[in-house]
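K.L.:
One structure, as structure tokens, below. Some questions next.
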Amino acid sequence: MPPFFINSQMELYTHNTEGYDDYGPVSTYALRETVPIDIQPYNPSSSLREFGKILQDTFVVIMDKDTEIYDTDKIIIDGTRYEIVGSIENWNHTLLAHKKMLIQKYRKGE
């Protein structure tokens, strides 16, 4: 079953290590797939309850249950890079099976 209300596309890039240079492993990312998603802002009261603080630039993403996504993937939605916060949850309801994750804008250097 697809996400509830598709309102965006998520690009998933796979992490590859292509040898080593003088500074260590050389990493690249290759586009693996584009996935339709439902992305919504994360509620500040939920943020306080779960993390003890309000998380800035944080969103909930709901996607198809068969989407292959890993914590090492590079995630780009509407031209903005995000990182996964916590774990990806599998919701195995009979009619509404889906995956759900929390993402936050990526703040480290590219």
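Each chain of the structure tokens is named A, B, ... in the order shown, its residues numbered from 1; ligands are numbered from 1 in display order.
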If you run DSSP over the backbone, which residues in chain A end up helix (DSSP H, G or I)? Put them as a PyMOL selection string.

P.N.:
chain A and resi 44-51

K.L.:
What's the 7 Å shell around segment 28-37 of chain A, counting only C-alpha atoms, without same-chain residues fewer than 5 positions away, as a ChimeraX atom specification?

P.N.:
/A:3,6-17,61-63

K.L.:
Please dump the current selection as a PDB file, in the first residue's frame; keep C-alpha atoms.

P.N.:
```pdb
ATOM      1  CA  PRO A   3       1.725   6.303   1.604  1.00  0.00           C
ATOM      2  CA  ILE A   6       1.742  11.476  -1.452  1.00  0.00           C
ATOM      3  CA  ASN A   7       3.045  15.026  -1.414  1.00  0.00           C
ATOM      4  CA  SER A   8       6.705  14.627  -2.399  1.00  0.00           C
ATOM      5  CA  GLN A   9       9.394  12.399  -3.889  1.00  0.00           C
ATOM      6  CA  MET A  10      12.390  11.103  -1.903  1.00  0.00           C
ATOM      7  CA  GLU A  11      15.651  10.338  -3.695  1.00  0.00           C
ATOM      8  CA  LEU A  12      17.690   7.548  -2.085  1.00  0.00           C
ATOM      9  CA  TYR A  13      21.420   7.449  -2.764  1.00  0.00           C
ATOM     10  CA  THR A  14      23.505   4.383  -1.861  1.00  0.00           C
ATOM     11  CA  HIS A  15      26.824   4.868  -0.096  1.00  0.00           C
ATOM     12  CA  ASN A  16      29.816   3.440  -1.965  1.00  0.00           C
ATOM     13  CA  THR A  17      33.460   3.316  -0.900  1.00  0.00           C
ATOM     14  CA  VAL A  61       8.083  10.502   6.500  1.00  0.00           C
ATOM     15  CA  ILE A  62       5.641   7.740   5.604  1.00  0.00           C
ATOM     16  CA  MET A  63       6.506   5.462   2.698  1.00  0.00           C
TER      17      MET A  63
END
```

K.L.:
Just the number, please: distance in Å from atom CA of Phe59 of chain A to atom CA of Asp73 of chain A, one decimal.

P.N.:
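Interatomic distance here is 16.8 Å.
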
K.L.:
Might you pull out every residue within 9 Å of Leu102 of chain A, with only C-alpha atoms counted and same-chain residues fewer than 5 positions away left off, and present them as a list in words?

P.N.:
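These residues fall inside the cut-off: Tyr42, Thr58, Phe59, Val60, Val61, Glu83, Ile84, Val85, Gly86, Ser87 and Ile88 of chain A.
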
K.L.:
Selection from above, N, CA and C atoms, as a short mmCIF file (atom, residue, chain, number, x, y, z; two decimals), in the first residue's frame, can you write it?

P.N.:
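Okay, selection-v9.cif is ready:
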```
data_model
loop_
_atom_site.label_atom_id
_atom_site.label_comp_id
_atom_site.auth_asym_id
_atom_site.auth_seq_id
_atom_site.Cartn_x
_atom_site.Cartn_y
_atom_site.Cartn_z
N TYR A 42 7.19 17.50 12.13
CA TYR A 42 7.12 16.76 13.40
C TYR A 42 6.56 17.67 14.48
N THR A 58 12.60 19.11 11.72
CA THR A 58 12.38 17.67 11.81
C THR A 58 11.03 17.33 11.20
N PHE A 59 11.00 16.20 10.47
CA PHE A 59 9.80 15.80 9.74
C PHE A 59 9.55 14.31 9.90
N VAL A 60 8.28 13.91 9.76
CA VAL A 60 7.88 12.51 9.73
C VAL A 60 7.66 12.13 8.27
N VAL A 61 8.24 10.99 7.87
CA VAL A 61 8.08 10.50 6.50
C VAL A 61 7.38 9.15 6.55
N GLU A 83 18.87 13.61 7.17
CA GLU A 83 19.43 12.42 7.80
C GLU A 83 18.36 11.80 8.69
N ILE A 84 18.46 10.50 8.88
CA ILE A 84 17.49 9.76 9.68
C ILE A 84 17.78 9.97 11.16
N VAL A 85 16.74 10.23 11.95
CA VAL A 85 16.84 10.36 13.39
C VAL A 85 16.21 9.11 13.99
N GLY A 86 16.98 8.32 14.73
CA GLY A 86 16.44 7.11 15.33
C GLY A 86 16.36 5.96 14.33
N SER A 87 15.34 5.14 14.48
CA SER A 87 15.18 3.94 13.65
C SER A 87 13.99 4.08 12.71
N ILE A 88 14.03 3.29 11.65
CA ILE A 88 12.91 3.22 10.72
C ILE A 88 11.91 2.22 11.28
#
```

K.L.:
Could you give me, as a PyMOL selection string, each residue of chain A that DSSP assigns to strand (DSSP E) when run on this structure's backbone?

P.N.:
chain A and resi 8-21+24-41+58-64+74-77+80-91+98-105

K.L.:
Point out the residue among A:Thr72, A:Thr80, A:Gln40, A:Gln104 with the least atom-to-atom distance to Gln56 of chain A, counting only C-alpha atoms.

P.N.:
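Result for the nearest residue to Gln56 of chain A: A:Gln104.
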
K.L.:
So what do you get for atom CA of Trp91 of chain A versus atom CA of Ile76 of chain A, distance-wise?

P.N.:
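Between atom CA of Trp91 of chain A and atom CA of Ile76 of chain A the gap works out to 23.0 Å.
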
K.L.:
Quick one: of A:Phe5, A:Met101, A:Gly24, A:Ile39, who's nearest to Asp78 of chain A, counting only C-alpha atoms?

P.N.:
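Ranking A:Phe5, A:Met101, A:Gly24, A:Ile39 by distance to Asp78 of chain A, first place goes to A:Ile39.
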